[in-house]
Amino acid sequence: MTEKAVKKVSSCCSGDTPSDVQITDSEEKARKAIRGQYSSIASGKTQEMLEEKNELDSNKKKSPFYAEEELKNIPENANLGLGSGNPIALADVKEGETIVDLGSGAGIDCFLAANKTGTEGKVIGVDMTPEMIDLARENAFKSNYKNVEFRLGEIEHLPIANNTADLIISNCVINLGSSKEQVFREAYRVLKPGGRIIISDIMFAKSLPEKVSTAFKEMSGCVSRAVITEDYLDTIKRAGFTDVEIIDKYTIQRKEQKLTKKEQKGKQKVTLASDGNKIELELTHEEISCLNEAIISAHVRGVKPSNSYSTTVPLAKLVVY
C-alpha cells in the first residue's frame with residue numbers, strides 16, 4: 001500500500017458525524033508512533049524527558065500552568081507535565097456538570113474538574129493509550145474518586161453518547177489527532193445544546209521557516225501538527241460551534257544567546273525539542289527570530305448553539321473499554 005492508500009474506520013457513535021473516516025497509511029504510522037511515545041511516558045520509561053519539562057522539588061512536580069494549591073488536591077502521579085495550559089481554570093465549572101476530557105493522560109485535568117463539579121457531577125477522560133488509562137484509573141482508585149471514569153478510545157471517535165457533556169476540555173492533545181475537524185465534530189456531537197469547549201493547544205501565530213516546519217512534523221510531538229491560529233479557529237467553526245475565540249495566549253520562546261553582529265550574519269546550531277524528541281538544525285538569525293515569535297499556546301472557547309441537538313444513537317452501538 002502507498003501513502004495514498006487509506007482504510008475506513010467506522011465511528012462507534014456516528015450521530016451527526018460521517019459514517020466513516022479515511023485515514024492514510026502515513027497518518028496511521030504517526031498515530032502508532034504517538035501511542036508508543038505516550039505509552040513509554042505512562043510506564044515511566046522517559047524520566048529524562050519529564051525532568052526536562054518539570055523542575056523537581058522534593059519529588060513533587062511544579063508547573064507554570066497550575067497553582068500549587070490545585071496540585072496538592074489531586075493525585076501526585078496525575079501530573080506528567082505534558083500540557084500547554086490549564087483549561088479548567090478558565091471553564092467556570094459548576095457543581096453537577098458532566099465534563100469530558102479529550103486526551104486525558106494520567107488524569108490531571110479530570111481530577112481538577114472532579115473537585116469542582118462535585119459528587120453530583122461526572123468527569124469522563126478519554127485516551128488512546130492503554131498505559132495512560134491504566135495509570136489514570138490507578139490514580140482515581142488510590143485517591144477514591146467516585147465521580148471520574150477513564151475510557152480507552154480515540155478522540156476522533158469518542159466512546160460517549162450524544163448530548164452528554166456540559167463541558168469538553170482538552171490540553172495540548174488535539175494537535176496529535178489525525179483530523180482536527182473530525183475531533184471537533186465529535187466534540188460537538190457529545191456536547192449538550194448550549195454546552196461549551198475550553199481547549200488549550202499549541203498553534204502558530206505565523207508560518208514557520210520550511211526547514212523548521214519539516215523537522216517538527218518528523219518528531220510526532222505536540223507541535224508536529226500545529227496549524228496557523230486562524231485555521232485552528234476556522235476548523236472549530238466549521239464543526240458548528242459559535243462564539244469561537246481565543247481567551248488567552250502566550251508566546252513560547254527559546255532561550256536565545258546574545259550574538260555579535262558578525263555572528264548574526266551566519267548560521268547557528270539550534271536544538272528543537274518536542275515532547276522528548278530532539279533534532280538539531282542550522283538556522284539563520286532571521287529564521288531563529290521567526291521561530292521565537294511563531295509558536296504560541298492558547299486557550300480557545302466555543303459554544304454549541306442551544307437549539308442544536310445531536311441525533312441520539314442506541315447505547316448498544318457504544319464501545320467502551
# chains A, B, ... in the order shown; residues from 1 in each chain; ligands from 1

$ residues_around --residues "Gly195 in chain A" --least-positions-apart "4" --cutoff "8 Å" --atoms "only C-alpha atoms" --output "PyMOL selection string"
chain A and resi 165-167+191+303-306

$ atom_distance --atom1 "CA of Phe150 in chain A" --atom2 "CA of Ser104 in chain A"
8.0 Å

$ select_by_dssp --residues "range 169-251 of chain A" --states "alpha helix (DSSP H)" --output "MDAnalysis selection string"
chainID A and resid 180:190 210:217 229:238

$ residues_around --residues "Glu282 in chain A" --least-positions-apart "2" --cutoff "10 Å" --atoms "only C-alpha atoms" --output "list in words"
Lys211, Val212, Gly266, Lys267, Gln268, Lys269, Val270, Thr271, Glu280, Thr284, His285, Glu287 and Ile288 of chain A
